[in-house]
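Okay, structure first, notes after.
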Amino acid sequence: MKAQIIRWGIIGTGRIARAFAEGIKYTSNGKLYAIASRNLKTANAFAQEWEIKHAFASYKDLAQSDVVDAVYIATPHSSHAENSILCMRNGKAVLCEKPFAVNTKEVDAMISVSKENNVLLMEGMWSRFPPLMCKLREWIKNGKLGKIRVLHADFGFLPKERNPKGRLLNLELAGGSLLDLGIYPISLASMIFGMPSSVQTLANIGETGVDEQSSWIFKYPCGGLAMLLSSIECETRQEAFISGTLGNVRIHKQCWKPQKMTFTETNGDNEEIIEMPFKGNGFNYEAESFSNLLLEGTKESPIMPLCESREIMTQLDQIRKEWGLIYPMD
Ligand SMILES: NC(=O)c1ccc[n+]([C@@H]2O[C@H](COP(=O)([O-])OP(=O)(O)OC[C@H]3O[C@@H](n4cnc5c(N)ncnc54)[C@H](OP(=O)(O)O)[C@@H]3O)[C@@H](O)[C@H]2O)c1
């Protein structure tokens with residue numbers, strides 16, 4: 001009989017690993033079975049806190065074990081490719097946190113290994129999976145907004161402390177606002193418009209060598225424009241505005257955690273407010289979707305396909321090239 005529950009493992013024990021562990025609890029088709037850390041004490045503490053059966057003292061031990069079907073990669077950007085490849089070479093399906101990797105070269109290596117090993121691989125762009133985003137895609141497809149012409153979106157926040165060695169500011173860990181936060185508005189733009197034909201960009205590069213805030217204007221073959229921004233220097237509106245010929249949609253704060261949107265008809269009185277609060281903490285939606293793909297034997301997500309993750313990464317590469325921002329992995 002085919003398995004009805006996906007056995008999950010997590011690599012890394014930081015902030016987002018905890019959010020994902022919480023998220024899995026709200027899924028109907030997955031359970032957390034294992035955690036791996038770079039040291040046993042941390043792995044054991046995490047396992048105890050989240051009541052996980054298996055704790056591993058190295059990422060390799062988890063990858064080589066037979067106690068999980070899927071692994072969620074929750075390490076800094078600089079390790080995404082290496083950790084994902086390790087798991088896929090050992091036959092595990094991989095859900096890798098955003099950004100998918102540091103550059104296109106790494107993404108290409110990840111995609112090749114997924115094909116060679118015939119395993120499911122997906123970028124953990126969790127914002128695409130909540131019910132509100134499904135509704136938005138339905139509206140766009142049905143033409144409710146008409147022809148979409150403009151997107152404004154931003155994601156800026158001010159970290160509580162400024163740690164030059166931490167993953168946000170550290171060049172060695174592929175830090176900076178573009179890869180960490182900018183990926184959300186850029187991924188949204190990609191979902192709406194597809195691949196741009198040209199990009200204009202400006203950045204403020206801080207003393208650690210990474211972009212602390214940056215902005216990009218994308219132009220699309222259809223003539224549409226996206227004006228996007230990310231910052232770790234201040235909190236911004238964290239909203240998205242999609243304007244079409246028939247109407248516009250505002251995705252309310254925090255648009256990367258989408259739960260509320262307002263549709264306003266162009267030149268009309270019609271206003272529709274949609275609220276779809278998360279059932280769970282939001283991570284459950286991507287986990288549920290990923291587990292379903294795995295249970296069905298599907299090797300790629302139609303919501304976050306590999307070719308799109310790759311296209312987005314080529315855009316990030318191009319933007320960094322404009323600024324001369326080079327990571328050690330480049
Ligand atoms: N989806 C979202 O909303 C969201 C939000 C925040 C972050 N993220 C993404 O999730 C990933 C992890 O972010 P986080 O905030 O959870 O980071 P974090 O709190 O710093 O945790 C990262 C974990 O990775 C492991 N690790 C492996 N190599 C490391 C190294 N060289 N330096 C530091 N830690 C290392 C550590 O676990 P062990 O010590 O146990 O090995 C650490 O606990 C990033 O890619 C980030 O972009 C996503």
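In the structure tokens, the first chain shown is A, the next is B, and so on; residue numbers restart at 1 for each chain, and ligands run from 1 in the order shown.
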Closest-contact table, chain A side, partner ligand 1, 9 Å, counting only C-alpha atoms and all ligand atoms, as JSON lines:
```
{"residue": "A:Ile11", "atom": "CA", "partner": "ligand 1", "partner_atom_place_in_ligand_line": "41 (O)", "distance": 7.0}
{"residue": "A:Gly12", "atom": "CA", "partner": "ligand 1", "partner_atom_place_in_ligand_line": "37 (O)", "distance": 3.6}
{"residue": "A:Thr13", "atom": "CA", "partner": "ligand 1", "partner_atom_place_in_ligand_line": "40 (O)", "distance": 4.0}
{"residue": "A:Gly14", "atom": "CA", "partner": "ligand 1", "partner_atom_place_in_ligand_line": "21 (O)", "distance": 3.2}
{"residue": "A:Arg15", "atom": "CA", "partner": "ligand 1", "partner_atom_place_in_ligand_line": "16 (O)", "distance": 3.8}
{"residue": "A:Ile16", "atom": "CA", "partner": "ligand 1", "partner_atom_place_in_ligand_line": "16 (O)", "distance": 3.7}
{"residue": "A:Ala17", "atom": "CA", "partner": "ligand 1", "partner_atom_place_in_ligand_line": "16 (O)", "distance": 5.7}
{"residue": "A:Arg18", "atom": "CA", "partner": "ligand 1", "partner_atom_place_in_ligand_line": "16 (O)", "distance": 7.8}
{"residue": "A:Ala19", "atom": "CA", "partner": "ligand 1", "partner_atom_place_in_ligand_line": "3 (O)", "distance": 8.3}
{"residue": "A:Phe20", "atom": "CA", "partner": "ligand 1", "partner_atom_place_in_ligand_line": "1 (N)", "distance": 8.7}
{"residue": "A:Ile35", "atom": "CA", "partner": "ligand 1", "partner_atom_place_in_ligand_line": "40 (O)", "distance": 8.6}
{"residue": "A:Ala36", "atom": "CA", "partner": "ligand 1", "partner_atom_place_in_ligand_line": "40 (O)", "distance": 6.5}
{"residue": "A:Ser37", "atom": "CA", "partner": "ligand 1", "partner_atom_place_in_ligand_line": "40 (O)", "distance": 3.4}
{"residue": "A:Arg38", "atom": "CA", "partner": "ligand 1", "partner_atom_place_in_ligand_line": "41 (O)", "distance": 3.9}
{"residue": "A:Asn39", "atom": "CA", "partner": "ligand 1", "partner_atom_place_in_ligand_line": "40 (O)", "distance": 6.5}
{"residue": "A:Leu40", "atom": "CA", "partner": "ligand 1", "partner_atom_place_in_ligand_line": "40 (O)", "distance": 8.5}
{"residue": "A:Thr42", "atom": "CA", "partner": "ligand 1", "partner_atom_place_in_ligand_line": "40 (O)", "distance": 5.9}
{"residue": "A:Ala43", "atom": "CA", "partner": "ligand 1", "partner_atom_place_in_ligand_line": "40 (O)", "distance": 6.3}
{"residue": "A:Phe46", "atom": "CA", "partner": "ligand 1", "partner_atom_place_in_ligand_line": "40 (O)", "distance": 8.6}
{"residue": "A:Ala57", "atom": "CA", "partner": "ligand 1", "partner_atom_place_in_ligand_line": "41 (O)", "distance": 8.5}
{"residue": "A:Ser58", "atom": "CA", "partner": "ligand 1", "partner_atom_place_in_ligand_line": "41 (O)", "distance": 7.7}
{"residue": "A:Tyr59", "atom": "CA", "partner": "ligand 1", "partner_atom_place_in_ligand_line": "41 (O)", "distance": 7.7}
{"residue": "A:Ile73", "atom": "CA", "partner": "ligand 1", "partner_atom_place_in_ligand_line": "11 (C)", "distance": 7.5}
{"residue": "A:Ala74", "atom": "CA", "partner": "ligand 1", "partner_atom_place_in_ligand_line": "11 (C)", "distance": 4.6}
{"residue": "A:Thr75", "atom": "CA", "partner": "ligand 1", "partner_atom_place_in_ligand_line": "24 (O)", "distance": 3.4}
{"residue": "A:Pro76", "atom": "CA", "partner": "ligand 1", "partner_atom_place_in_ligand_line": "45 (O)", "distance": 4.4}
{"residue": "A:His77", "atom": "CA", "partner": "ligand 1", "partner_atom_place_in_ligand_line": "45 (O)", "distance": 4.5}
{"residue": "A:Ser78", "atom": "CA", "partner": "ligand 1", "partner_atom_place_in_ligand_line": "31 (N)", "distance": 7.7}
{"residue": "A:Ser79", "atom": "CA", "partner": "ligand 1", "partner_atom_place_in_ligand_line": "28 (N)", "distance": 6.5}
{"residue": "A:His80", "atom": "CA", "partner": "ligand 1", "partner_atom_place_in_ligand_line": "45 (O)", "distance": 7.2}
{"residue": "A:Cys96", "atom": "CA", "partner": "ligand 1", "partner_atom_place_in_ligand_line": "45 (O)", "distance": 8.2}
{"residue": "A:Glu97", "atom": "CA", "partner": "ligand 1", "partner_atom_place_in_ligand_line": "45 (O)", "distance": 5.3}
{"residue": "A:Lys98", "atom": "CA", "partner": "ligand 1", "partner_atom_place_in_ligand_line": "47 (O)", "distance": 5.3}
{"residue": "A:Pro99", "atom": "CA", "partner": "ligand 1", "partner_atom_place_in_ligand_line": "47 (O)", "distance": 6.1}
{"residue": "A:Phe100", "atom": "CA", "partner": "ligand 1", "partner_atom_place_in_ligand_line": "45 (O)", "distance": 8.1}
{"residue": "A:Ala101", "atom": "CA", "partner": "ligand 1", "partner_atom_place_in_ligand_line": "45 (O)", "distance": 8.4}
{"residue": "A:Gly124", "atom": "CA", "partner": "ligand 1", "partner_atom_place_in_ligand_line": "1 (N)", "distance": 6.8}
{"residue": "A:Met125", "atom": "CA", "partner": "ligand 1", "partner_atom_place_in_ligand_line": "1 (N)", "distance": 6.6}
{"residue": "A:Trp126", "atom": "CA", "partner": "ligand 1", "partner_atom_place_in_ligand_line": "1 (N)", "distance": 6.0}
{"residue": "A:Ser127", "atom": "CA", "partner": "ligand 1", "partner_atom_place_in_ligand_line": "1 (N)", "distance": 7.9}
{"residue": "A:Lys165", "atom": "CA", "partner": "ligand 1", "partner_atom_place_in_ligand_line": "32 (N)", "distance": 8.7}
{"residue": "A:Gly166", "atom": "CA", "partner": "ligand 1", "partner_atom_place_in_ligand_line": "20 (O)", "distance": 6.9}
{"residue": "A:Arg167", "atom": "CA", "partner": "ligand 1", "partner_atom_place_in_ligand_line": "20 (O)", "distance": 6.1}
{"residue": "A:Leu168", "atom": "CA", "partner": "ligand 1", "partner_atom_place_in_ligand_line": "47 (O)", "distance": 8.5}
{"residue": "A:Glu172", "atom": "CA", "partner": "ligand 1", "partner_atom_place_in_ligand_line": "31 (N)", "distance": 8.5}
{"residue": "A:Leu173", "atom": "CA", "partner": "ligand 1", "partner_atom_place_in_ligand_line": "31 (N)", "distance": 6.7}
{"residue": "A:Gly175", "atom": "CA", "partner": "ligand 1", "partner_atom_place_in_ligand_line": "47 (O)", "distance": 8.8}
{"residue": "A:Leu179", "atom": "CA", "partner": "ligand 1", "partner_atom_place_in_ligand_line": "47 (O)", "distance": 7.4}
{"residue": "A:Asp180", "atom": "CA", "partner": "ligand 1", "partner_atom_place_in_ligand_line": "47 (O)", "distance": 5.0}
{"residue": "A:Leu181", "atom": "CA", "partner": "ligand 1", "partner_atom_place_in_ligand_line": "47 (O)", "distance": 7.8}
{"residue": "A:Trp256", "atom": "CA", "partner": "ligand 1", "partner_atom_place_in_ligand_line": "3 (O)", "distance": 8.0}
{"residue": "A:Lys257", "atom": "CA", "partner": "ligand 1", "partner_atom_place_in_ligand_line": "3 (O)", "distance": 8.0}
{"residue": "A:Phe283", "atom": "CA", "partner": "ligand 1", "partner_atom_place_in_ligand_line": "1 (N)", "distance": 7.8}
```
Determine, using only C-alpha atoms, which residues of region 124-200 of chain A have any atom at most 12 Å from an atom of region 299-318 of chain A, and tabulate each with its shortest atom pair and distance in Å to one decimal place, rows ordered by chain and then rising number, as a tab-separated table.
```
residue	atom	partner	partner_atom	distance
A:Gly124	CA	A:Met304	CA	8.3
A:Met125	CA	A:Met304	CA	7.4
A:Trp126	CA	A:Met304	CA	9.4
A:Ser127	CA	A:Met304	CA	10.4
A:Arg128	CA	A:Ile303	CA	7.1
A:Phe129	CA	A:Ile303	CA	7.7
A:Pro130	CA	A:Ile303	CA	11.3
A:Met133	CA	A:Ile303	CA	10.4
A:Cys134	CA	A:Ile303	CA	9.4
A:Arg137	CA	A:Ile303	CA	10.1
A:Gly176	CA	A:Leu316	CA	11.7
A:Ser177	CA	A:Leu316	CA	11.3
A:Leu178	CA	A:Leu316	CA	7.6
A:Leu179	CA	A:Leu316	CA	7.5
A:Asp180	CA	A:Leu316	CA	11.1
A:Leu181	CA	A:Leu316	CA	11.7
A:Gly182	CA	A:Leu316	CA	9.1
A:Ile183	CA	A:Leu316	CA	8.2
A:Tyr184	CA	A:Ile312	CA	10.5
A:Pro185	CA	A:Ile312	CA	10.9
A:Ile186	CA	A:Ile312	CA	7.4
A:Ser187	CA	A:Ile312	CA	6.9
A:Leu188	CA	A:Ile312	CA	10.3
A:Ala189	CA	A:Ile312	CA	9.7
A:Ser190	CA	A:Ile312	CA	7.3
A:Met191	CA	A:Glu308	CA	8.7
A:Ile192	CA	A:Glu308	CA	11.9
A:Phe193	CA	A:Glu308	CA	11.6
A:Gly194	CA	A:Glu308	CA	8.3
A:Met195	CA	A:Glu311	CA	7.0
A:Pro196	CA	A:Gln315	CA	8.5
A:Ser197	CA	A:Gln315	CA	10.3
A:Ser198	CA	A:Gln315	CA	9.6
A:Val199	CA	A:Gln315	CA	8.4
A:Gln200	CA	A:Gln318	CA	10.1
```
Inset, instruction - Considering only C-alpha atoms, state which residue in the set A:Gly146, A:Lys92, A:Asn44, A:Leu132 is at the smallest distance from Gly9 (chain A). - result: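 Answer, going by the shortest atom-to-atom distance: A:Lys92.
You will find CA of Asp154 (chain A) at 27.2 Å from CA of Asp269 (chain A).
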Legend entry - Long-range neighbours of Asn292 (chain A) as a ChimeraX atom specification, 12 Å cut-off, only C-alpha atoms, 3 positions minimum in chain: /A:3-6,27-30,70,120,284-289,295-301
Inset, instruction - Could you give me, as a ChimeraX atom specification, each residue of region 139-232 of chain A that DSSP assigns to alpha helix (DSSP H) when run on this structure's backbone? - result: /A:139-142,177,183-193
Inset, instruction - For CA of Met88 (chain A) and CA of Ala21 (chain A), quote the distance in Å rounded to one decimal. - result: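 That distance, rounded to one decimal, is 20.7 Å.
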Inset, instruction - Could you give me, as number ranges by chain, the residues within 6 Å of region 228-236 of chain A, counting only C-alpha atoms and dropping anything in the same chain fewer than 4 positions from it? - result: A: 152-158, 177, 181-182, 212-216
9 Å contact set for Leu86 (chain A), only C-alpha atoms, chain neighbours under 3 positions out, as a short mmCIF file (atom, residue, chain, number, x, y, z; two decimals) with C-alpha atoms, in the first residue's frame:
```
data_model
loop_
_atom_site.label_atom_id
_atom_site.label_comp_id
_atom_site.auth_asym_id
_atom_site.auth_seq_id
_atom_site.Cartn_x
_atom_site.Cartn_y
_atom_site.Cartn_z
CA TYR A 59 23.30 16.90 7.84
CA LYS A 60 24.90 13.93 6.09
CA ALA A 63 20.43 12.64 4.30
CA GLN A 64 21.74 9.04 4.43
CA ALA A 81 22.73 24.18 -2.97
CA GLU A 82 25.17 21.97 -1.06
CA ASN A 83 22.55 20.76 1.45
CA ARG A 89 21.86 12.30 -4.01
CA ASN A 90 20.54 10.18 -1.16
CA LYS A 92 15.28 12.49 -0.68
#
```
Inset, instruction - Name the residues of region 75-276 of chain A that fall into strand (DSSP E or B) according to DSSP on the backbone, using the chain letters and numbers of this document, as a ChimeraX atom specification. - result: /A:93-97,121-124,148-156,198-205,211-219,225-231,240-244,247-251,260-265,271-275
Inset, instruction - With a distance cut-off of 7 Å and only C-alpha atoms, select the neighbouring residues of Ile242 (chain A), excluding the residue or stretch itself and same-chain residues fewer than 5 positions from it, and output the selection as a VMD selection string. - result: chain A and resid 150 to 152 248 to 250
N, CA and C atoms of the current selection, written as a PDB file, in the first residue's frame:
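Output contents, as saved in again10.pdb:
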```pdb
ATOM      1  N   VAL A 150       0.759  47.456 -14.196  1.00  0.00           N
ATOM      2  CA  VAL A 150       1.733  47.940 -13.213  1.00  0.00           C
ATOM      3  C   VAL A 150       1.662  47.119 -11.926  1.00  0.00           C
ATOM      4  N   LEU A 151       2.846  46.857 -11.353  1.00  0.00           N
ATOM      5  CA  LEU A 151       2.922  46.267 -10.000  1.00  0.00           C
ATOM      6  C   LEU A 151       3.853  47.136  -9.157  1.00  0.00           C
ATOM      7  N   HIS A 152       3.395  47.485  -7.957  1.00  0.00           N
ATOM      8  CA  HIS A 152       4.267  48.100  -6.960  1.00  0.00           C
ATOM      9  C   HIS A 152       4.341  47.114  -5.800  1.00  0.00           C
ATOM     10  N   ASN A 248      -7.888  47.207  -9.817  1.00  0.00           N
ATOM     11  CA  ASN A 248      -6.601  46.951  -9.150  1.00  0.00           C
ATOM     12  C   ASN A 248      -6.802  46.200  -7.845  1.00  0.00           C
ATOM     13  N   VAL A 249      -5.728  45.547  -7.436  1.00  0.00           N
ATOM     14  CA  VAL A 249      -5.760  44.768  -6.196  1.00  0.00           C
ATOM     15  C   VAL A 249      -4.667  45.271  -5.274  1.00  0.00           C
ATOM     16  N   ARG A 250      -5.044  45.495  -4.033  1.00  0.00           N
ATOM     17  CA  ARG A 250      -4.061  45.810  -2.995  1.00  0.00           C
ATOM     18  C   ARG A 250      -3.929  44.578  -2.117  1.00  0.00           C
TER      19      ARG A 250
END
```
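You will find CA of Glu272 (chain A) at 28.6 Å from CA of Ile217 (chain A).
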